[in-house]
$ cat work_4.cif   # mmCIF, C-alpha atoms
data_work
#
loop_
_atom_site.label_atom_id
_atom_site.label_comp_id
_atom_site.auth_asym_id
_atom_site.auth_seq_id
_atom_site.Cartn_x
_atom_site.Cartn_y
_atom_site.Cartn_z
CA MET A 1 247.77 47.04 100.59
CA THR A 2 244.05 46.94 100.47
CA GLU A 3 244.31 43.26 99.52
CA ALA A 4 246.00 42.47 102.82
CA ARG A 5 243.31 44.20 104.85
CA ALA A 6 240.42 42.85 102.89
CA PRO A 7 238.93 40.64 105.64
CA ALA A 8 238.32 43.67 107.84
CA THR A 9 235.38 45.17 106.02
CA PRO A 10 234.74 48.81 106.75
CA PRO A 11 232.13 49.28 109.47
CA ILE A 12 228.57 49.80 108.33
CA ARG A 13 227.67 53.46 108.32
CA HIS A 14 224.29 53.43 109.96
CA SER A 15 221.49 55.58 108.72
CA PRO A 16 220.17 58.22 111.09
CA ILE A 17 218.04 56.85 113.89
CA TRP A 18 214.83 58.36 112.50
CA THR A 19 215.35 56.70 109.11
CA ARG A 20 215.85 53.35 110.78
CA ALA A 21 212.87 53.84 113.10
CA PHE A 22 210.63 54.84 110.21
CA HIS A 23 211.73 51.89 108.09
CA SER A 24 210.89 49.40 110.82
CA LEU A 25 207.63 51.11 111.79
CA ASN A 26 206.60 51.47 108.16
CA LEU A 27 207.21 47.82 107.41
CA LEU A 28 205.23 46.75 110.46
CA VAL A 29 202.32 49.12 109.81
CA LEU A 30 202.13 48.22 106.12
CA LEU A 31 202.19 44.48 106.87
CA VAL A 32 199.42 44.84 109.47
CA MET A 33 197.30 47.06 107.19
CA ALA A 34 197.72 44.71 104.21
CA ALA A 35 197.09 41.49 106.17
CA SER A 36 194.05 42.86 108.03
CA GLY A 37 192.84 44.44 104.79
CA LEU A 38 192.90 41.03 103.12
CA GLN A 39 190.84 39.67 106.03
CA ILE A 40 188.23 42.35 105.37
CA TYR A 41 188.46 41.57 101.64
CA ASN A 42 187.50 37.96 102.36
CA ALA A 43 184.17 38.93 103.98
CA ASN A 44 182.96 40.03 100.55
CA PRO A 45 185.63 39.75 97.82
CA VAL A 46 186.04 42.96 95.81
CA PHE A 47 186.22 40.80 92.71
CA GLY A 48 183.24 38.46 92.50
CA GLY A 49 181.36 39.59 95.62
CA ARG A 50 179.64 36.89 97.65
CA GLY A 51 181.02 33.58 96.33
CA GLY A 52 184.07 35.29 94.81
CA ALA A 53 187.57 33.86 95.34
CA THR A 54 189.01 34.62 98.76
CA VAL A 55 192.62 35.19 99.82
CA PRO A 56 194.29 32.29 101.70
CA GLU A 57 193.64 32.69 105.43
CA LEU A 58 197.41 32.32 105.95
CA LEU A 59 197.94 35.83 104.56
CA ALA A 60 195.09 37.38 106.52
CA LEU A 61 195.24 38.84 110.00
CA GLY A 62 192.40 38.81 112.51
CA GLY A 63 190.78 35.40 112.04
CA TRP A 64 187.42 36.83 110.98
CA LEU A 65 185.89 40.09 109.80
CA ALA A 66 185.54 41.77 113.21
CA GLY A 67 189.14 40.81 114.10
CA GLY A 68 190.44 42.14 110.79
CA ARG A 69 188.58 45.41 111.42
CA ASP A 70 190.08 45.63 114.92
CA TRP A 71 193.58 45.56 113.43
CA HIS A 72 192.82 47.67 110.35
CA PHE A 73 191.16 50.52 112.27
CA GLY A 74 193.53 50.08 115.19
CA PHE A 75 196.56 50.71 113.00
CA MET A 76 195.05 53.31 110.67
CA GLY A 77 195.94 56.06 113.15
CA LEU A 78 199.57 54.93 113.17
CA TYR A 79 199.54 54.71 109.38
CA ALA A 80 198.25 58.27 109.07
CA LEU A 81 200.60 59.63 111.73
CA ASN A 82 203.55 57.84 110.16
CA LEU A 83 202.68 59.17 106.73
CA GLY A 84 202.24 62.70 108.06
CA VAL A 85 205.60 62.79 109.84
CA TRP A 86 207.27 61.22 106.83
CA ILE A 87 205.84 63.81 104.46
CA ALA A 88 207.02 66.57 106.79
CA LEU A 89 210.55 65.13 106.96
CA LEU A 90 210.76 64.59 103.21
CA ILE A 91 209.48 68.05 102.41
CA GLY A 92 212.26 69.35 104.66
CA GLN A 93 214.72 67.57 102.38
CA ARG A 94 212.75 67.85 99.16
CA ARG A 95 215.67 68.97 97.04
CA ARG A 96 217.53 65.77 97.82
CA ARG A 97 214.69 63.29 98.17
CA LEU A 98 211.69 64.25 96.06
CA ALA A 99 211.53 63.89 92.31
CA ASP A 100 210.99 66.71 89.85
CA THR A 101 210.68 66.78 86.08
CA GLY A 102 214.48 66.90 85.79
CA ASP A 103 214.66 63.36 87.15
CA LEU A 104 212.51 62.03 84.31
CA GLY A 105 214.92 63.68 81.84
CA THR A 106 217.90 62.17 83.65
CA LEU A 107 216.37 58.70 83.42
CA LYS A 108 215.70 59.19 79.72
CA VAL A 109 219.02 60.57 78.48
CA SER A 110 221.75 60.49 81.13
CA GLN A 111 224.61 58.00 80.77
CA ASN A 112 225.82 58.70 84.30
CA ARG A 113 224.83 55.62 86.31
CA ALA A 114 225.06 57.33 89.68
CA LYS A 115 222.84 60.16 88.53
CA ARG A 116 220.35 57.72 87.06
CA ARG A 117 220.18 55.72 90.27
CA LEU A 118 219.60 58.84 92.33
CA SER A 119 216.81 59.95 90.01
CA ALA A 120 215.20 56.52 90.12
CA HIS A 121 215.31 56.58 93.92
CA ARG A 122 213.74 59.99 94.14
CA LEU A 123 211.01 58.85 91.77
CA VAL A 124 210.29 55.83 93.98
CA TYR A 125 210.19 57.95 97.17
CA THR A 126 207.76 60.36 95.54
CA LEU A 127 205.51 57.68 94.09
CA MET A 128 205.50 55.89 97.43
CA LEU A 129 204.24 59.01 99.21
CA ILE A 130 201.52 59.52 96.64
CA LEU A 131 200.42 55.88 96.91
CA LEU A 132 200.38 55.91 100.71
CA ALA A 133 198.28 59.07 100.66
CA PHE A 134 195.97 57.48 98.06
CA GLY A 135 195.52 54.45 100.34
CA LEU A 136 194.54 56.77 103.19
CA ILE A 137 192.10 58.81 101.10
CA THR A 138 190.34 55.80 99.55
CA GLY A 139 190.22 54.15 102.97
CA LEU A 140 188.65 57.19 104.64
CA ALA A 141 186.12 57.49 101.82
CA MET A 142 184.92 53.93 102.59
CA TYR A 143 185.30 54.09 106.38
CA LYS A 144 183.14 57.22 106.65
CA PRO A 145 181.26 57.57 103.33
CA ALA A 146 178.51 59.65 104.96
CA GLN A 147 180.81 62.15 106.69
CA PHE A 148 183.32 62.28 103.81
CA TRP A 149 180.60 62.17 101.14
CA TRP A 150 182.58 64.66 99.03
CA LEU A 151 185.56 62.29 99.09
CA SER A 152 183.49 59.21 98.20
CA GLY A 153 181.76 61.28 95.53
CA LEU A 154 185.06 61.79 93.70
CA PHE A 155 184.94 58.14 92.70
CA SER A 156 181.68 58.39 90.79
CA PHE A 157 183.74 58.64 87.58
CA GLY A 158 183.43 54.84 87.38
CA GLU A 159 179.72 55.22 86.68
CA ALA A 160 180.62 56.16 83.10
CA PHE A 161 181.92 52.59 82.74
CA GLY A 162 178.99 50.95 84.51
CA ALA A 163 180.72 50.55 87.89
CA THR A 164 179.13 52.07 90.98
CA SER A 165 181.25 54.66 92.77
CA TRP A 166 181.43 52.23 95.70
CA GLN A 167 182.92 49.45 93.55
CA THR A 168 185.38 51.93 92.01
CA LEU A 169 186.38 52.94 95.52
CA ARG A 170 186.84 49.32 96.63
CA VAL A 171 189.01 48.48 93.62
CA ALA A 172 191.06 51.66 94.08
CA HIS A 173 191.65 50.95 97.78
CA PHE A 174 192.55 47.31 97.12
CA ALA A 175 194.91 48.29 94.29
CA THR A 176 197.16 50.10 96.76
CA ILE A 177 198.34 46.70 98.09
CA PRO A 178 199.91 45.40 94.84
CA ALA A 179 201.05 48.92 93.91
CA ILE A 180 202.86 49.54 97.19
CA ALA A 181 204.28 45.99 97.17
CA LEU A 182 205.67 46.57 93.66
CA LEU A 183 207.16 49.91 94.61
CA MET A 184 208.65 48.44 97.77
CA LEU A 185 210.28 45.70 95.69
CA THR A 186 211.70 48.31 93.29
CA HIS A 187 212.99 50.28 96.25
CA VAL A 188 214.74 47.20 97.72
CA VAL A 189 216.24 46.19 94.35
CA LEU A 190 217.52 49.71 93.71
CA SER A 191 219.07 49.86 97.19
CA TRP A 192 220.53 46.39 96.74
CA ARG A 193 222.30 47.44 93.56
CA ILE A 194 223.84 50.38 95.38
CA GLY A 195 224.87 48.84 98.69
CA GLY A 196 223.76 45.22 98.82
CA LEU A 197 222.95 43.57 102.10
CA ARG A 198 225.15 46.04 103.95
CA LEU A 199 222.98 49.00 102.95
CA LEU A 200 219.83 47.04 103.71
CA ARG A 201 221.19 46.23 107.14
CA SER A 202 222.14 49.82 107.79
CA MET A 203 218.49 50.70 107.28
CA PHE A 204 217.08 48.42 109.96
CA ALA A 205 219.70 47.69 112.60
CA MET B 1 243.19 45.11 118.86
CA ALA B 2 241.92 41.61 119.36
CA GLN B 3 239.44 42.90 121.83
CA GLN B 4 238.32 45.50 119.34
CA ALA B 5 237.76 42.79 116.74
CA ALA B 6 235.86 40.74 119.25
CA THR B 7 233.53 43.55 120.18
CA THR B 8 232.98 44.39 116.52
CA ASP B 9 232.19 40.76 115.90
CA SER B 10 229.75 40.48 118.74
CA SER B 11 228.06 43.76 117.85
CA GLN B 12 227.77 42.57 114.26
CA LEU B 13 226.26 39.37 115.49
CA ASN B 14 223.83 41.42 117.49
CA ARG B 15 222.94 43.43 114.46
CA ARG B 16 222.54 40.27 112.47
CA GLN B 17 220.36 38.81 115.17
CA LEU B 18 218.33 41.98 115.25
CA LEU B 19 217.88 41.93 111.51
CA GLY B 20 216.98 38.24 111.66
CA LEU B 21 214.50 38.99 114.40
CA GLY B 22 212.95 41.73 112.31
CA VAL B 23 212.69 39.54 109.21
CA SER B 24 211.34 36.53 111.06
CA GLY B 25 208.97 38.75 112.98
CA GLY B 26 207.72 40.27 109.75
CA SER B 27 207.30 36.94 108.00
CA SER B 28 205.63 35.35 110.98
CA LEU B 29 203.19 38.25 110.96
CA LEU B 30 202.54 37.51 107.31
CA LEU B 31 202.45 33.73 107.51
CA GLY B 32 201.41 32.96 111.04
CA GLY B 33 198.96 35.78 111.64
CA CYS B 34 196.78 33.27 113.44
CA ALA B 35 199.02 33.54 116.49
CA LEU B 36 198.24 37.25 116.64
CA ASN B 37 194.49 36.80 116.38
CA GLY B 38 194.32 36.49 120.17
CA LEU B 39 195.29 40.16 120.29
CA ASN B 40 192.33 41.30 118.15
CA GLU B 41 190.34 42.47 121.14
CA SER B 42 193.26 44.26 122.80
CA VAL B 43 194.01 46.20 119.61
CA GLY B 44 190.31 47.04 119.23
CA ASN B 45 189.91 48.06 122.86
CA ALA B 46 193.00 50.26 122.71
CA THR B 47 191.84 52.25 119.70
CA GLN B 48 188.04 52.06 119.42
CA PRO B 49 187.18 54.58 122.16
CA LEU B 50 189.14 57.34 120.39
CA ASN B 51 187.81 56.30 116.95
CA GLU B 52 184.23 56.31 118.27
CA ARG B 53 184.59 59.75 119.82
CA ILE B 54 185.82 61.14 116.51
CA GLU B 55 182.94 59.39 114.73
CA ALA B 56 180.35 60.85 117.11
CA LEU B 57 181.91 64.29 116.74
CA MET B 58 181.73 64.15 112.93
CA GLN B 59 178.19 62.77 112.98
CA GLY B 60 176.99 65.66 115.11
CA LYS B 61 177.34 67.92 112.11
CA GLY B 62 173.79 67.18 110.92
CA PRO B 63 172.14 65.54 107.92
CA VAL B 64 174.29 63.85 105.28
CA PRO B 65 173.70 64.35 101.52
CA LEU B 66 171.43 61.79 99.90
CA PHE B 67 171.22 60.31 96.42
CA ARG B 68 168.93 60.66 93.41
CA ARG B 69 166.09 58.20 92.94
CA ASP B 70 167.58 57.03 89.60
CA GLN B 71 170.77 55.95 91.42
CA VAL B 72 168.89 53.21 93.28
CA ASP B 73 170.43 49.82 92.46
CA PRO B 74 168.20 47.03 93.88
CA LYS B 75 170.44 44.22 92.62
CA HIS B 76 173.31 45.35 94.84
CA LEU B 77 171.29 45.07 98.07
CA LEU B 78 172.17 41.64 99.46
CA VAL B 79 170.17 40.00 102.21
CA ASN B 80 171.71 39.03 105.53
CA SER B 81 169.66 37.23 108.11
CA PHE B 82 170.78 36.07 111.49
CA ASN B 83 167.91 33.72 112.25
CA GLY B 84 165.69 33.10 109.24
CA VAL B 85 162.85 35.31 108.00
CA PRO B 86 160.01 35.83 110.49
CA GLN B 87 156.58 36.28 108.91
CA LEU B 88 154.70 38.94 110.85
CA ASP B 89 150.96 39.44 110.43
CA PRO B 90 150.47 43.16 109.62
CA ALA B 91 147.04 43.18 111.28
CA ARG B 92 148.41 41.90 114.58
CA TYR B 93 151.69 43.81 114.44
CA ARG B 94 152.41 46.15 117.38
CA LEU B 95 155.47 48.31 118.02
CA ARG B 96 156.15 48.51 121.76
CA VAL B 97 157.78 51.73 123.02
CA ASP B 98 158.75 51.76 126.70
CA GLY B 99 161.58 52.29 129.16
CA LEU B 100 162.38 55.88 130.17
CA VAL B 101 159.35 57.43 128.46
CA SER B 102 156.45 59.31 130.00
CA ARG B 103 153.82 57.47 127.90
CA PRO B 104 154.71 53.83 127.22
CA MET B 105 152.76 52.75 124.16
CA SER B 106 152.01 50.07 121.67
CA LEU B 107 151.59 51.33 118.10
CA ASP B 108 149.92 49.51 115.22
CA LEU B 109 150.74 50.11 111.57
CA ALA B 110 147.86 52.59 111.18
CA ALA B 111 149.32 54.74 113.97
CA LEU B 112 152.70 54.72 112.21
CA ALA B 113 151.05 55.57 108.87
CA ALA B 114 149.37 58.57 110.50
CA LEU B 115 152.76 60.15 111.31
CA PRO B 116 154.61 62.32 108.75
CA GLN B 117 156.21 60.10 106.09
CA HIS B 118 159.75 60.63 104.79
CA GLU B 119 161.88 59.07 102.06
CA LEU B 120 165.64 58.55 102.21
CA VAL B 121 167.62 57.64 99.10
CA MET B 122 170.76 56.56 100.90
CA ARG B 123 173.81 54.38 100.59
CA HIS B 124 173.25 51.22 102.59
CA VAL B 125 176.71 50.02 103.65
CA CYS B 126 177.30 46.51 104.93
CA VAL B 127 180.18 45.74 107.30
CA GLU B 128 181.14 42.96 104.86
CA GLY B 129 182.21 45.57 102.33
CA TRP B 130 179.34 45.83 99.84
CA ALA B 131 177.00 48.78 99.52
CA ALA B 132 173.82 49.64 97.63
CA ILE B 133 171.78 52.76 97.04
CA VAL B 134 168.30 52.14 98.47
CA ALA B 135 165.20 54.31 98.86
CA TRP B 136 163.74 53.63 102.31
CA SER B 137 160.56 55.37 103.43
CA GLY B 138 158.62 55.55 106.64
CA VAL B 139 158.45 57.65 109.80
CA ARG B 140 161.22 59.33 111.71
CA LEU B 141 162.30 57.34 114.75
CA ALA B 142 162.54 60.72 116.51
CA ASP B 143 158.80 61.35 115.88
CA VAL B 144 157.86 58.00 117.42
CA LEU B 145 160.08 58.61 120.45
CA ALA B 146 158.62 62.12 120.84
CA LEU B 147 155.12 60.62 120.83
CA ALA B 148 156.10 58.48 123.81
CA GLY B 149 157.81 61.41 125.55
CA ILE B 150 161.41 60.44 126.02
CA SER B 151 163.06 61.25 129.37
CA SER B 152 166.11 63.47 129.47
CA LEU B 153 167.84 60.62 131.29
CA GLY B 154 167.52 58.39 128.22
CA GLY B 155 170.98 58.02 126.74
CA TYR B 156 170.50 54.77 124.84
CA LEU B 157 167.89 52.93 122.84
CA ALA B 158 167.49 49.13 122.82
CA ILE B 159 165.84 47.66 119.73
CA ASP B 160 164.16 44.24 119.81
CA SER B 161 163.36 42.27 116.69
CA ALA B 162 160.95 39.42 116.01
CA ASP B 163 163.86 37.12 115.13
CA GLN B 164 165.55 37.80 118.51
CA TYR B 165 168.10 40.11 116.85
CA PHE B 166 169.12 42.74 119.37
CA GLU B 167 170.65 46.20 118.97
CA THR B 168 171.50 49.18 121.15
CA TRP B 169 172.08 52.71 119.86
CA ASP B 170 173.22 56.01 121.29
CA ILE B 171 170.19 58.30 121.59
CA ALA B 172 171.74 61.04 119.39
CA SER B 173 171.90 58.65 116.41
CA ALA B 174 168.34 57.45 117.14
CA LEU B 175 167.05 61.05 117.14
CA HIS B 176 168.98 61.96 113.96
CA PRO B 177 166.53 63.44 111.40
CA GLN B 178 167.65 60.81 108.85
CA THR B 179 166.95 57.82 111.08
CA LEU B 180 163.71 56.16 109.97
CA LEU B 181 161.44 53.32 110.97
CA ALA B 182 160.96 52.23 107.36
CA THR B 183 157.82 50.54 106.09
CA ALA B 184 158.58 50.74 102.36
CA MET B 185 161.55 50.09 100.09
CA ASN B 186 162.11 51.60 96.65
CA GLY B 187 158.49 52.82 96.54
CA ALA B 188 156.90 49.44 97.35
CA PRO B 189 155.80 47.87 100.64
CA LEU B 190 158.74 46.39 102.53
CA PRO B 191 159.39 42.76 101.46
CA ALA B 192 159.58 40.17 104.28
CA VAL B 193 163.30 39.45 103.69
CA ASN B 194 164.09 43.15 104.04
CA GLY B 195 162.35 43.43 107.40
CA ALA B 196 158.56 43.76 106.91
CA PRO B 197 156.60 45.36 108.33
CA VAL B 198 159.00 47.75 110.11
CA ARG B 199 162.81 48.09 110.03
CA LEU B 200 165.43 50.69 110.83
CA ALA B 201 167.11 52.75 108.11
CA THR B 202 169.72 55.50 108.36
CA PRO B 203 172.68 56.64 106.26
CA ILE B 204 174.80 57.24 109.37
CA LYS B 205 175.23 53.65 110.59
CA LEU B 206 176.54 50.35 109.21
CA GLY B 207 173.96 47.78 108.07
CA TYR B 208 174.16 45.56 111.14
CA LYS B 209 172.82 48.45 113.24
CA LEU B 210 169.71 48.62 111.01
CA SER B 211 167.50 46.01 112.68
CA LYS B 212 164.80 44.34 110.61
CA TRP B 213 161.39 43.14 111.93
CA VAL B 214 161.53 45.72 114.74
CA THR B 215 158.99 44.96 117.48
CA GLY B 216 160.20 46.89 120.50
CA LEU B 217 161.99 50.11 121.45
CA LYS B 218 163.23 50.64 124.98
CA VAL B 219 164.82 53.91 126.16
CA MET B 220 167.57 53.29 128.71
CA ALA B 221 169.87 55.37 130.91
CA SER B 222 172.85 53.10 130.37
CA LEU B 223 173.96 50.12 128.33
CA GLY B 224 173.39 46.69 129.84
CA ASP B 225 175.51 43.58 129.43
CA ARG B 226 174.10 42.95 125.96
CA ARG B 227 175.17 45.60 123.50
CA GLY B 228 173.95 43.87 120.36
CA THR B 229 173.81 40.49 118.63
CA TRP B 230 176.96 41.15 116.56
CA GLU B 231 178.56 43.69 118.87
CA ASP B 232 178.76 41.04 121.60
CA GLN B 233 180.70 38.88 119.12
CA GLY B 234 183.31 41.60 118.50
CA TYR B 235 181.91 44.17 116.05
CA GLU B 236 182.17 47.89 116.85
CA TRP B 237 179.24 49.27 118.83
CA PHE B 238 179.02 52.82 117.42
CA ALA B 239 179.54 51.75 113.79
CA GLY B 240 179.07 55.24 112.39
CA LEU B 241 179.50 55.96 108.71
#
$ encode --input "work_4.cif" --output "structure tokens"
Amino acid sequence: MTEARAPATPPIRHSPIWTRAFHSLNLLVLLVMAASGLQIYNANPVFGGRGGATVPELLALGGWLAGGRDWHFGFMGLYALNLGVWIALLIGQRRRRLADTGDLGTLKVSQNRAKRRLSAHRLVYTLMLILLAFGLITGLAMYKPAQFWWLSGLFSFGEAFGATSWQTLRVAHFATIPAIALLMLTHVVLSWRIGGLRLLRSMFA
Amino acid sequence: MAQQAATTDSSQLNRRQLLGLGVSGGSSLLLGGCALNGLNESVGNATQPLNERIEALMQGKGPVPLFRRDQVDPKHLLVNSFNGVPQLDPARYRLRVDGLVSRPMSLDLAALAALPQHELVMRHVCVEGWAAIVAWSGVRLADVLALAGISSLGGYLAIDSADQYFETWDIASALHPQTLLATAMNGAPLPAVNGAPVRLATPIKLGYKLSKWVTGLKVMASLGDRRGTWEDQGYEWFAGL
């Protein structure tokens, strides 16, 4: 019976409008922040300084340093607002969405695939929030190092290894790009294994 | 029934198109960012006024903490020059102070040396991304402006340099107790490449606001067409830290 009706796939159950809006907005904001960030990187590479290897201009947004700063500081408000609303929404649903120590146990010992997937997802959500907040904090500490001197000062731990607190801060801020990209990839792969393209589509359109 | 299928089909197509649009939009942002570079100024203009107001608000909270002398790292201070290194004769050097002041004046280095001297061990932050801890010493810009008697109408300060570099500042930042006209760096007389004999130094502004080879200060009621050598190219004007 189901065989006969196979061509008519069940309609996609769309995610709530706010989930879809946040996914699109997040993707856009993260792409702009990363691309304009790489433009700023190129003015004085974090690794190697003046004369260090730069990122291909194709991946950078803004054309030159001032343009990159226009985009980066233009979108930082959206990034912060987006993150704030997201944290508020997730905390509202923390029992379902945010990881706790039980999830680590589930991943270690559980044989139940559905439970494992759910735990992995919650872990990714939680890590993503922490990373996004870390990006904001390290960014603020470099954007306003005089006003947020106490924030910039937290990064003086690098001095024990011969790195100035400024260089530690630059590396930490830059590291959020590969870290968030990796987490995003994990998030997409996990979702793909659950619902394939159909789930992915339900998240954006 | 057929109609239902048709509408489902077309709505799916729409969704597919929408998804495609999103993906291609995202990738074009990533790969063809150049096309968006024309919007740089619009994005900047839309957000900078609010950002600058927040910056000015935060900066109004007074002096910022400084560093210890042993944290000075001379090798991290890179040199940027817009138009070579002018060699100024200290004996013939004069600092012109005019505009909206009650006593326009021309100060030589001895007159500057006679004013109270201050040292700032501060983080010197370049817009390019690097930073260095530097000990600048000299006189407070506020003391020099007080000597000339600044008018209450003066809202801005224009700073001329021997190499034709030009800057404008808001008067509050110029009068900040940690804004210096520096004549020495790390305990030694200011080297020519770092702005000898007189340059600006403050922990509250980005490096491109800190003019070297300063020769003239003009107090103004409003900003003119020229806001600064780099600002006129697209950099932020307030540039607070």
$ interface_residues --input "work_4.cif" --of "chain A" --to "chain B" --cutoff "6 Å" --atoms "all atoms listed in the file" --output "number ranges by chain"
A: 43-44, 58-59, 61-63, 66-67, 70, 74, 144-146, 205
$ closest_residue --input "work_4.cif" --among "B:Gln117, B:Thr183, B:Ser151, B:Asn194" --to "Gln87 (chain B)" --atoms "only C-alpha atoms"
B:Asn194
$ atom_distance --input "work_4.cif" --atom1 "CA of Leu83 (chain A)" --atom2 "CA of Leu129 (chain A)"
7.7 Å
$ resolve_selection --input "work_4.cif" --expression "the PyMOL selection byres ((chain A and resi 128) around 10)" --output "PyMOL selection string"
chain A and resi 122-127+129-134+179-181+183-184+187
$ resolve_selection --input "work_4.cif" --expression "the PyMOL selection byres ((chain A and resi 12-27) around 6)" --output "PyMOL selection string"
chain A and resi 11+28-30+202-204
$ atom_distance --input "work_4.cif" --atom1 "CA of Lys218 (chain B)" --atom2 "CA of Leu153 (chain B)"
12.7 Å
$ resolve_selection --input "work_4.cif" --expression "the PyMOL selection byres ((chain A and resi 103) around 10)" --output "list in words"
Leu98, Ala99, Asp100, Thr101, Gly102, Leu104, Gly105, Thr106, Leu107, Lys108, Ser110, Lys115, Arg116, Arg117, Leu118, Ser119, Ala120, His121, Arg122 and Leu123 of chain A
